[in-house]
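For reference, the structure discussed in these notes is given below.
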Amino acid sequence: MAGVTFAKGGVHPAEHKELTEHLAIEEMPPPAEVALPLSMHFGAPAKAVVQKKQEVQEGDVVATVEKGLGATIHSSVTGTVKAIEPRPHPTMVRCDAIIIERDPAAPPRVYEPVDWLKLSGEQLLARVKEAGIVGLGGAGFPTHVKLSPPPTAKVDTLILNGAECEPYLTTDHRLMVEMPQKVVEGAKVLLKILGIREAVIGIELNKPDAINAMNKAAEAASGSDATIRVQGMTVKYPQGSEKQLIYALTGRSVPGGGLPFDVGVIVQNISTTLAVFEAATLNKPLYEKVVTFSGRGIKRQANLKVKVGTVLSDVVNYLGGTTPDLLKIVSGGPMMGFAISTLDVPIVKTSSGVLFLDKTETDVSPHGPCIHCGWCIEACPMGLQPKEVAIYVEAGKGHLTEKFGVFDCFECGCCAFVCPARRPLVQFARLAKMAIKRGR
């Protein structure tokens with residue numbers, strides 16, 4: 001299968017996927033306590049609808065968003081609400097969270113299958129909303145909103161993002177290998193909601209087992225109601241970014257400031273698609289997910305199915321602890337993830353992986369001044385000027401960087417990866433955006 005790719009920029013970081021790509025998904029026993037942050041999605045924080053000492057069942061609604069963008073939050077265990085208080089958060093430092101103490105005697109909840117084919121597109125969309133599903137690739141955008149493009153949008157193609165181009169991460173890879181029929185059926189649910197019949201599943205060529213499994217499932221599922229095909233993609237980062245993915249698979253270019261539906265496309269992550277499948281066929285909310293735990297700084301690497309709200313220290317204990325050489329912990333991948341300083345951070349809906357890196361895998365030496373080599377400009381998939389943004393920020397003029405297209409930057413990290421001076425160009429871009437917003 002020939003691979004396709006995007007036209008501009010990109011890099012080839014070491015993949016490190018060999019640590020977990022052949023490890024089957026393993027289910028971690030539920031912890032004694034979970035911490036459910038009220039911000040696990042793009043948009044407004046949810047508001048708790050439970051109180052301290054209240055008993056809740058696995059799958060019960062514990063927080064909702066009344067106004068604005070957001071997603072419902074469900075309890076991931078059966079137990080008692082212990083507190084609602086600020087707790088560490090993987091990207092926000094601290095955030096109010098619902099703390100639930102699990103009842104060890106409670107059996108796991110069992111969901112009865114239903115025939116989703118008897119449901120209308122509107123009913124299926126309502127199930128997605130009720131299930132609290134968000135984009136599980138990292139952005140956390142509410143899925144029911146994404147599946148409701150404006151009437152003027154001429155959407156004709158659904159893309160499933162199986163690129164998983166971030167180094168180390170293998171969650172979607174294992175889902176495609178182990179549950180291809182469920183992922184493809186989830187795609188058919190999405191097609192019915194959108195009222196279209198064409199779906200393309202983009203998978204990088206470094207996952208031949210996933211391509212083979214998904215090909216068989218897609219061929220078996222295709223028919224008069226849906227055409228689903230798999231397209232191999234050249235291994236290049238950031239192949240999984242929406243705009244780059246859309247160009248690679250369709251040749252369509254999303255305009256600056258535009259959204260995928262502007263060019264007739266809706267993109268969904270593989271993990272998100274599986275969550276949609278479970279919402280449609282089981283009426284099961286999103287409160288557990290598969291997460292990659294990798295890096296040479298942890299005793300045992302794994303692709304774990306964990307309850308949302310499981311605190312990282314419980315995961316580390318389950319995997320045997322960290323190694324003496326541990327240097328850095330990253331929530332997410334090494335290119336776009338966030339360093340975290342405590343094991344008290346919980347797994348949230350958008351957690352795709354947690355990396356435990358030693359000195360052979362990360363470099364914490366200080367950066368130097370810009371040498372104007374231009375490598376960051378060549379590497380940027382959006383054709384921006386990262387070095388100029390950084391220079392302006394260092395001069396206290398970050399609020400003047402909008403002319404360099406800083407808001408088109410999706411913080412992929414290609415610029416920082418190639419920089420010979422090791423400059424934190426992504427952090428400079430984030431500071432520039434903050435400066436512009438403060439000045440408006």
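In the structure tokens, chains take letters A, B, ... by order of appearance, with residues numbered from 1 within each chain and ligands from 1 in the order shown.
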Could I get the residues of stretch 64-101 of chain A with an atom no further than 10 Å from an atom of stretch 342-357 of chain A, each paired with its nearest atom pair and that distance in Å to one decimal, using only C-alpha atoms, sorted by chain and residue number, as CSV?
residue,atom,partner,partner_atom,distance
A:Ile73,CA,A:Lys349,CA,9.4
A:Arg87,CA,A:Val345,CA,7.7
A:Pro88,CA,A:Val345,CA,5.1
A:His89,CA,A:Val345,CA,5.5
A:Pro90,CA,A:Val345,CA,6.0
A:Thr91,CA,A:Val345,CA,9.6
A:Val93,CA,A:Val345,CA,9.0
A:Arg94,CA,A:Val345,CA,9.1
A:Ala97,CA,A:Pro346,CA,9.8
Keeping only N, CA and C atoms, write the selected residues to a file as a short mmCIF file (atom, residue, chain, number, x, y, z; two decimals), in the first residue's frame.
data_model
loop_
_atom_site.label_atom_id
_atom_site.label_comp_id
_atom_site.auth_asym_id
_atom_site.auth_seq_id
_atom_site.Cartn_x
_atom_site.Cartn_y
_atom_site.Cartn_z
N ILE A 73 -19.99 14.69 32.86
CA ILE A 73 -19.02 13.83 33.52
C ILE A 73 -19.77 12.77 34.32
N ARG A 87 -7.71 19.74 43.09
CA ARG A 87 -6.73 18.68 42.98
C ARG A 87 -5.79 18.98 41.80
N PRO A 88 -4.60 18.37 41.77
CA PRO A 88 -3.70 18.55 40.62
C PRO A 88 -4.37 18.14 39.31
N HIS A 89 -3.98 18.82 38.23
CA HIS A 89 -4.56 18.59 36.90
C HIS A 89 -3.42 18.49 35.89
N PRO A 90 -3.52 17.63 34.88
CA PRO A 90 -2.39 17.45 33.95
C PRO A 90 -2.00 18.67 33.14
N THR A 91 -2.94 19.59 32.89
CA THR A 91 -2.59 20.79 32.10
C THR A 91 -2.93 22.10 32.78
N VAL A 93 -2.63 22.75 36.19
CA VAL A 93 -1.97 22.79 37.50
C VAL A 93 -2.93 22.27 38.58
N ARG A 94 -4.02 23.02 38.85
CA ARG A 94 -5.03 22.56 39.80
C ARG A 94 -6.42 22.86 39.27
N ALA A 97 -12.24 19.09 41.67
CA ALA A 97 -12.49 17.70 41.28
C ALA A 97 -13.44 17.04 42.26
#
Would you mind listing, for every residue of stretch 201-222 of chain A within 9 Å of stretch 166-185 of chain A, the two atoms forming the shortest contact and the distance between them in Å to one decimal, using only C-alpha atoms, sorted by chain and ascending residue number, as CSV?
residue,atom,partner,partner_atom,distance
A:Ile203,CA,A:His173,CA,8.9
A:Lys207,CA,A:His173,CA,7.0
A:Asp209,CA,A:Val177,CA,6.5
A:Ala210,CA,A:Val177,CA,4.8
A:Ile211,CA,A:Met176,CA,8.1
A:Asn212,CA,A:Val177,CA,8.4
A:Ala213,CA,A:Val177,CA,5.8
A:Met214,CA,A:Pro180,CA,5.4
A:Asn215,CA,A:Pro180,CA,8.8
A:Lys216,CA,A:Pro180,CA,8.4
A:Ala217,CA,A:Gln181,CA,5.4
A:Ala218,CA,A:Val184,CA,6.2
A:Ala220,CA,A:Gln181,CA,8.9
A:Ala221,CA,A:Val184,CA,7.2
Using only C-alpha atoms, determine which residues lie at most 10 Å from A:Pro324, disregarding the query and same-chain residues fewer than 6 positions distant; provide the list as a ChimeraX atom specification. /A:297-299,358
Atoms to include: C-alpha atoms. Write the selected residues as a PDB file, in the first residue's frame.
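Contents of selection-v7.pdb, freshly written:
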ATOM      1  CA  GLY A 297      11.735   5.451  33.573  1.00  0.00           C
ATOM      2  CA  ILE A 298       8.963   3.056  34.642  1.00  0.00           C
ATOM      3  CA  LYS A 299       9.490  -0.593  35.593  1.00  0.00           C
ATOM      4  CA  ASP A 358      15.159   8.820  31.651  1.00  0.00           C
TER       5      ASP A 358
END
Pick from A:Ser75, A:Asn269, A:Ser241, A:Ser365 nearest to A:Cys409, counting only C-alpha atoms: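 When distances to A:Cys409 are compared using only C-alpha atoms, the smallest one comes from A:Ser241.
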Shell around stretch 272-289 of chain A at 7 Å using only C-alpha atoms, local window under 3 positions removed, as a PyMOL selection string: chain A and resi 59+74-76+111-116+124+127-128+131-133+135-136+182-183+185-187+189+268-269+305-308
Take the residues from that selection and put them in a file with C-alpha atoms, as a PDB file, in the first residue's frame.
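Result file is part-v8.pdb:
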ATOM      1  CA  GLY A  59     -21.967   5.493  35.128  1.00  0.00           C
ATOM      2  CA  HIS A  74     -19.942  10.398  34.895  1.00  0.00           C
ATOM      3  CA  SER A  75     -18.742   8.473  37.914  1.00  0.00           C
ATOM      4  CA  SER A  76     -16.210   5.815  36.950  1.00  0.00           C
ATOM      5  CA  TYR A 111     -24.524  -2.931  29.969  1.00  0.00           C
ATOM      6  CA  GLU A 112     -27.028  -4.744  27.773  1.00  0.00           C
ATOM      7  CA  PRO A 113     -26.503  -4.486  23.979  1.00  0.00           C
ATOM      8  CA  VAL A 114     -29.119  -2.656  21.929  1.00  0.00           C
ATOM      9  CA  ASP A 115     -29.779  -2.536  18.187  1.00  0.00           C
ATOM     10  CA  TRP A 116     -28.491   0.915  17.221  1.00  0.00           C
ATOM     11  CA  LEU A 124     -27.690   8.525  18.166  1.00  0.00           C
ATOM     12  CA  ARG A 127     -26.632   9.307  23.016  1.00  0.00           C
ATOM     13  CA  VAL A 128     -23.201  10.709  22.143  1.00  0.00           C
ATOM     14  CA  ALA A 131     -22.333   9.806  27.162  1.00  0.00           C
ATOM     15  CA  GLY A 132     -20.094  12.855  27.677  1.00  0.00           C
ATOM     16  CA  ILE A 133     -17.836  11.966  24.751  1.00  0.00           C
ATOM     17  CA  GLY A 135     -12.218  14.207  21.287  1.00  0.00           C
ATOM     18  CA  LEU A 136      -9.828  11.691  22.826  1.00  0.00           C
ATOM     19  CA  LYS A 182     -16.028  -2.222  16.901  1.00  0.00           C
ATOM     20  CA  VAL A 183     -14.084   0.745  15.513  1.00  0.00           C
ATOM     21  CA  GLU A 185     -19.080  -0.125  13.466  1.00  0.00           C
ATOM     22  CA  GLY A 186     -18.457   3.098  15.383  1.00  0.00           C
ATOM     23  CA  ALA A 187     -17.612   4.682  12.033  1.00  0.00           C
ATOM     24  CA  VAL A 189     -22.710   5.131  13.636  1.00  0.00           C
ATOM     25  CA  GLN A 268     -12.693  11.669  14.544  1.00  0.00           C
ATOM     26  CA  ASN A 269     -10.011   9.919  16.558  1.00  0.00           C
ATOM     27  CA  LYS A 305      -7.624   0.326  30.231  1.00  0.00           C
ATOM     28  CA  VAL A 306      -8.133   2.569  33.270  1.00  0.00           C
ATOM     29  CA  LYS A 307     -10.996   4.320  35.007  1.00  0.00           C
ATOM     30  CA  VAL A 308     -11.102   8.070  34.364  1.00  0.00           C
TER      31      VAL A 308
END
Contacts of stretch 242-248 of chain A at 8 Å or less, counting only C-alpha atoms, minus same-chain residues fewer than 3 places along, as a PyMOL selection string? chain A and resi 4-7+159+161+202+233+238-239+251-254+260+265+267+381
Writing out the chosen residues with N, CA and C atoms as a short mmCIF file (atom, residue, chain, number, x, y, z; two decimals), in the first residue's frame:
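Ended up saving to out11.cif:
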data_model
loop_
_atom_site.label_atom_id
_atom_site.label_comp_id
_atom_site.auth_asym_id
_atom_site.auth_seq_id
_atom_site.Cartn_x
_atom_site.Cartn_y
_atom_site.Cartn_z
N VAL A 4 0.45 8.22 1.60
CA VAL A 4 0.23 9.62 1.24
C VAL A 4 0.68 10.47 2.41
N THR A 5 0.89 11.75 2.17
CA THR A 5 1.30 12.63 3.26
C THR A 5 0.96 14.07 2.92
N PHE A 6 1.24 14.98 3.87
CA PHE A 6 0.99 16.40 3.67
C PHE A 6 2.19 17.02 2.97
N ALA A 7 2.01 18.22 2.45
CA ALA A 7 3.00 18.78 1.53
C ALA A 7 4.12 19.56 2.21
N ILE A 159 -13.40 11.19 8.24
CA ILE A 159 -12.04 10.67 8.35
C ILE A 159 -11.83 10.14 9.76
N ASN A 161 -8.96 9.13 12.28
CA ASN A 161 -7.55 9.44 12.45
C ASN A 161 -6.84 8.29 13.16
N GLY A 202 -7.29 6.74 7.96
CA GLY A 202 -5.88 6.99 7.67
C GLY A 202 -4.99 6.37 8.74
N MET A 233 -0.53 5.87 5.19
CA MET A 233 0.09 7.19 5.12
C MET A 233 1.58 7.08 5.45
N PRO A 238 3.76 16.01 11.86
CA PRO A 238 2.55 15.60 12.58
C PRO A 238 1.43 15.14 11.64
N GLN A 239 1.56 13.96 11.12
CA GLN A 239 0.58 13.41 10.18
C GLN A 239 -0.83 13.37 10.76
N GLY A 251 -6.63 15.77 -0.31
CA GLY A 251 -6.07 16.84 -1.14
C GLY A 251 -6.73 18.19 -0.90
N ARG A 252 -7.62 18.27 0.10
CA ARG A 252 -8.31 19.52 0.41
C ARG A 252 -7.53 20.30 1.47
N SER A 253 -7.47 21.61 1.31
CA SER A 253 -6.74 22.46 2.25
C SER A 253 -7.72 23.29 3.08
N VAL A 254 -7.67 23.10 4.39
CA VAL A 254 -8.52 23.89 5.28
C VAL A 254 -7.93 25.30 5.35
N PRO A 260 -12.53 21.90 9.60
CA PRO A 260 -12.66 20.82 8.62
C PRO A 260 -13.98 20.82 7.85
N VAL A 265 -15.41 17.95 5.48
CA VAL A 265 -14.84 16.81 6.21
C VAL A 265 -15.12 16.93 7.70
N VAL A 267 -13.50 14.95 11.16
CA VAL A 267 -12.43 14.05 11.59
C VAL A 267 -12.72 13.55 13.01
N PRO A 381 4.81 22.76 9.69
CA PRO A 381 3.81 22.28 8.71
C PRO A 381 2.79 23.34 8.32
#
All alpha helix (DSSP H) positions in stretch 60-266 of chain A, as a PyMOL selection string: chain A and resi 121-130+143-146+171-178+180-194+208-221+242-250
Ranking A:Val49, A:Cys414, A:Ile98, A:Ile270 by minimum distance to A:Glu66 and counting only C-alpha atoms, which one comes first?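 Ranking A:Val49, A:Cys414, A:Ile98, A:Ile270 by distance to A:Glu66, first place goes to A:Val49.
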If DSSP is run on the backbone, what residues of stretch 164-384 of chain A are strand (DSSP E or B)? A reply as number ranges by chain would be ideal. A: 198-204, 227-233, 237, 265-269, 288-294, 298, 302-307, 311, 322, 326-331, 338-340, 346, 353-358
What would the file look like if the residues just selected were written as a short mmCIF file (atom, residue, chain, number, x, y, z; two decimals), in the first residue's frame with N, CA and C atoms?
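Heads up, here's the output in part-v2.cif:
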data_model
loop_
_atom_site.label_atom_id
_atom_site.label_comp_id
_atom_site.auth_asym_id
_atom_site.auth_seq_id
_atom_site.Cartn_x
_atom_site.Cartn_y
_atom_site.Cartn_z
N GLU A 198 -19.48 8.08 3.07
CA GLU A 198 -18.07 7.87 2.74
C GLU A 198 -17.18 8.06 3.97
N ALA A 199 -16.35 7.06 4.27
CA ALA A 199 -15.41 7.16 5.39
C ALA A 199 -14.04 6.67 4.94
N VAL A 200 -13.00 7.38 5.37
CA VAL A 200 -11.62 7.01 5.10
C VAL A 200 -10.89 6.88 6.43
N ILE A 201 -10.17 5.76 6.59
CA ILE A 201 -9.40 5.54 7.82
C ILE A 201 -7.93 5.69 7.46
N GLY A 202 -7.29 6.74 7.96
CA GLY A 202 -5.88 6.99 7.67
C GLY A 202 -4.99 6.37 8.74
N ILE A 203 -4.06 5.49 8.31
CA ILE A 203 -3.16 4.80 9.25
C ILE A 203 -1.74 4.89 8.72
N GLU A 204 -0.79 5.28 9.56
CA GLU A 204 0.60 5.35 9.11
C GLU A 204 1.14 3.95 8.82
N THR A 227 -19.50 3.25 2.49
CA THR A 227 -18.24 2.86 1.86
C THR A 227 -17.11 3.28 2.79
N ILE A 228 -16.41 2.29 3.34
CA ILE A 228 -15.34 2.55 4.30
C ILE A 228 -14.05 1.95 3.74
N ARG A 229 -13.01 2.76 3.66
CA ARG A 229 -11.74 2.25 3.13
C ARG A 229 -10.59 2.72 4.00
N VAL A 230 -9.49 1.97 3.93
CA VAL A 230 -8.28 2.29 4.68
C VAL A 230 -7.24 2.85 3.73
N GLN A 231 -6.57 3.92 4.15
CA GLN A 231 -5.51 4.52 3.35
C GLN A 231 -4.24 4.59 4.18
N GLY A 232 -3.17 3.96 3.69
CA GLY A 232 -1.89 4.04 4.36
C GLY A 232 -1.27 5.41 4.17
N MET A 233 -0.53 5.87 5.19
CA MET A 233 0.09 7.19 5.12
C MET A 233 1.58 7.08 5.45
N TYR A 237 5.76 13.10 11.12
CA TYR A 237 5.08 13.88 12.14
C TYR A 237 4.92 15.33 11.66
N VAL A 265 -15.41 17.95 5.48
CA VAL A 265 -14.84 16.81 6.21
C VAL A 265 -15.12 16.93 7.70
N ILE A 266 -15.36 15.79 8.34
CA ILE A 266 -15.40 15.67 9.79
C ILE A 266 -14.34 14.63 10.18
N VAL A 267 -13.50 14.95 11.16
CA VAL A 267 -12.43 14.05 11.59
C VAL A 267 -12.72 13.55 13.01
N GLN A 268 -12.56 12.24 13.20
CA GLN A 268 -12.69 11.67 14.54
C GLN A 268 -11.51 10.75 14.84
N ASN A 269 -11.08 10.78 16.07
CA ASN A 269 -10.01 9.92 16.56
C ASN A 269 -10.50 8.47 16.71
N GLU A 288 -14.06 5.35 31.13
CA GLU A 288 -12.84 4.57 31.16
C GLU A 288 -12.23 4.58 29.77
N LYS A 289 -10.92 4.44 29.69
CA LYS A 289 -10.26 4.52 28.40
C LYS A 289 -8.92 3.82 28.44
N VAL A 290 -8.37 3.56 27.25
CA VAL A 290 -7.05 2.93 27.14
C VAL A 290 -5.99 4.02 27.06
N VAL A 291 -4.96 3.89 27.86
CA VAL A 291 -3.88 4.87 27.94
C VAL A 291 -2.54 4.14 27.85
N THR A 292 -1.59 4.71 27.10
CA THR A 292 -0.24 4.15 27.02
C THR A 292 0.62 4.70 28.15
N PHE A 293 1.26 3.80 28.89
CA PHE A 293 2.24 4.18 29.91
C PHE A 293 3.58 3.64 29.45
N SER A 294 4.49 4.54 29.12
CA SER A 294 5.72 4.10 28.48
C SER A 294 6.92 4.92 28.94
N ILE A 298 9.94 3.81 33.86
CA ILE A 298 8.96 3.06 34.64
C ILE A 298 9.30 1.58 34.50
N ALA A 302 2.98 -0.42 29.49
CA ALA A 302 1.71 -1.08 29.25
C ALA A 302 0.75 -0.18 28.48
N ASN A 303 -0.21 -0.83 27.81
CA ASN A 303 -1.40 -0.15 27.30
C ASN A 303 -2.53 -0.56 28.23
N LEU A 304 -2.91 0.34 29.12
CA LEU A 304 -3.86 0.01 30.18
C LEU A 304 -5.23 0.61 29.94
N LYS A 305 -6.27 -0.20 30.16
CA LYS A 305 -7.62 0.33 30.23
C LYS A 305 -7.85 0.74 31.68
N VAL A 306 -8.03 2.05 31.91
CA VAL A 306 -8.13 2.57 33.27
C VAL A 306 -9.41 3.38 33.44
N LYS A 307 -9.86 3.47 34.67
CA LYS A 307 -11.00 4.32 35.01
C LYS A 307 -10.56 5.78 34.95
N VAL A 311 -5.70 8.08 39.87
CA VAL A 311 -4.54 8.92 40.14
C VAL A 311 -3.28 8.20 39.68
N THR A 322 8.70 3.35 39.54
CA THR A 322 9.61 4.00 38.58
C THR A 322 11.04 3.50 38.79
N LEU A 326 14.70 7.82 36.39
CA LEU A 326 13.61 8.68 35.95
C LEU A 326 14.02 10.15 36.03
N LEU A 327 13.83 10.87 34.93
CA LEU A 327 14.23 12.28 34.88
C LEU A 327 13.03 13.21 34.67
N LYS A 328 12.01 12.74 33.92
CA LYS A 328 10.90 13.63 33.56
C LYS A 328 9.64 12.82 33.31
N ILE A 329 8.49 13.35 33.76
CA ILE A 329 7.20 12.72 33.49
C ILE A 329 6.40 13.65 32.59
N VAL A 330 5.85 13.09 31.52
CA VAL A 330 5.12 13.88 30.54
C VAL A 330 3.72 13.32 30.37
N SER A 331 2.72 14.18 30.49
CA SER A 331 1.34 13.82 30.18
C SER A 331 1.11 14.05 28.70
N PHE A 338 2.68 17.73 28.14
CA PHE A 338 3.02 18.68 29.21
C PHE A 338 3.78 17.94 30.31
N ALA A 339 4.89 18.51 30.74
CA ALA A 339 5.62 17.95 31.87
C ALA A 339 4.78 18.11 33.13
N ILE A 340 4.77 17.10 33.98
CA ILE A 340 4.04 17.17 35.24
C ILE A 340 5.01 16.89 36.39
N PRO A 346 -4.62 13.00 38.09
CA PRO A 346 -5.49 11.92 37.64
C PRO A 346 -5.49 11.74 36.13
N GLY A 353 -1.58 9.21 26.88
CA GLY A 353 -0.41 8.50 27.36
C GLY A 353 0.25 9.28 28.47
N VAL A 354 1.05 8.58 29.26
CA VAL A 354 1.91 9.21 30.26
C VAL A 354 3.29 8.58 30.09
N LEU A 355 4.30 9.43 29.94
CA LEU A 355 5.65 8.96 29.67
C LEU A 355 6.56 9.20 30.87
N PHE A 356 7.37 8.21 31.16
CA PHE A 356 8.35 8.28 32.24
C PHE A 356 9.72 8.18 31.58
N LEU A 357 10.37 9.31 31.40
CA LEU A 357 11.57 9.39 30.57
C LEU A 357 12.83 9.46 31.42
N ASP A 358 13.87 8.73 30.97
CA ASP A 358 15.16 8.82 31.65
C ASP A 358 16.09 9.73 30.86
#
One decimal place gives the atom CA of A:Leu191-atom CA of A:Leu125 separation as 11.0 Å
Which residues are near A:Ala44? Cut-off 12 Å, only C-alpha atoms, ignore same chain within fewer than 4 positions. Put them as a PyMOL selection string. chain A and resi 38-40+63-72+140-142
With distances taken over only C-alpha atoms, which residue among A:Leu259, A:Leu431, A:Gln301, A:Gly309 lies nearest A:Glu18? A:Gln301
Could you give me, as a short mmCIF file (atom, residue, chain, number, x, y, z; two decimals) with N, CA and C atoms, in the first residue's frame, the residues within 9 Å of A:Phe417, counting only C-alpha atoms and dropping anything in the same chain fewer than 2 positions from it?
data_model
loop_
_atom_site.label_atom_id
_atom_site.label_comp_id
_atom_site.auth_asym_id
_atom_site.auth_seq_id
_atom_site.Cartn_x
_atom_site.Cartn_y
_atom_site.Cartn_z
N VAL A 11 8.60 16.48 10.52
CA VAL A 11 9.87 15.94 11.02
C VAL A 11 9.73 14.44 11.24
N PRO A 13 10.88 12.28 14.24
CA PRO A 13 11.48 11.94 15.54
C PRO A 13 11.56 10.42 15.73
N MET A 335 6.21 15.30 21.97
CA MET A 335 6.17 16.47 21.10
C MET A 335 5.16 17.51 21.56
N CYS A 376 13.57 26.00 11.78
CA CYS A 376 12.20 25.94 12.31
C CYS A 376 11.18 26.33 11.24
N ALA A 379 10.67 23.34 8.98
CA ALA A 379 9.98 22.22 9.63
C ALA A 379 8.51 22.49 9.89
N GLY A 413 5.30 21.20 17.91
CA GLY A 413 6.65 20.99 18.42
C GLY A 413 7.71 20.70 17.37
N CYS A 414 7.35 20.72 16.08
CA CYS A 414 8.35 20.47 15.03
C CYS A 414 9.50 21.49 15.11
N CYS A 415 9.15 22.74 15.36
CA CYS A 415 10.16 23.81 15.40
C CYS A 415 11.17 23.56 16.52
N CYS A 419 15.41 22.69 16.36
CA CYS A 419 16.21 23.86 16.75
C CYS A 419 17.56 23.45 17.33
N PRO A 420 18.69 23.84 16.70
CA PRO A 420 20.00 23.47 17.22
C PRO A 420 20.34 24.18 18.52
N ARG A 422 18.12 24.53 20.89
CA ARG A 422 17.21 23.93 21.88
C ARG A 422 16.23 24.95 22.46
N ARG A 423 15.82 25.90 21.64
CA ARG A 423 14.92 26.94 22.13
C ARG A 423 13.50 26.39 22.30
#
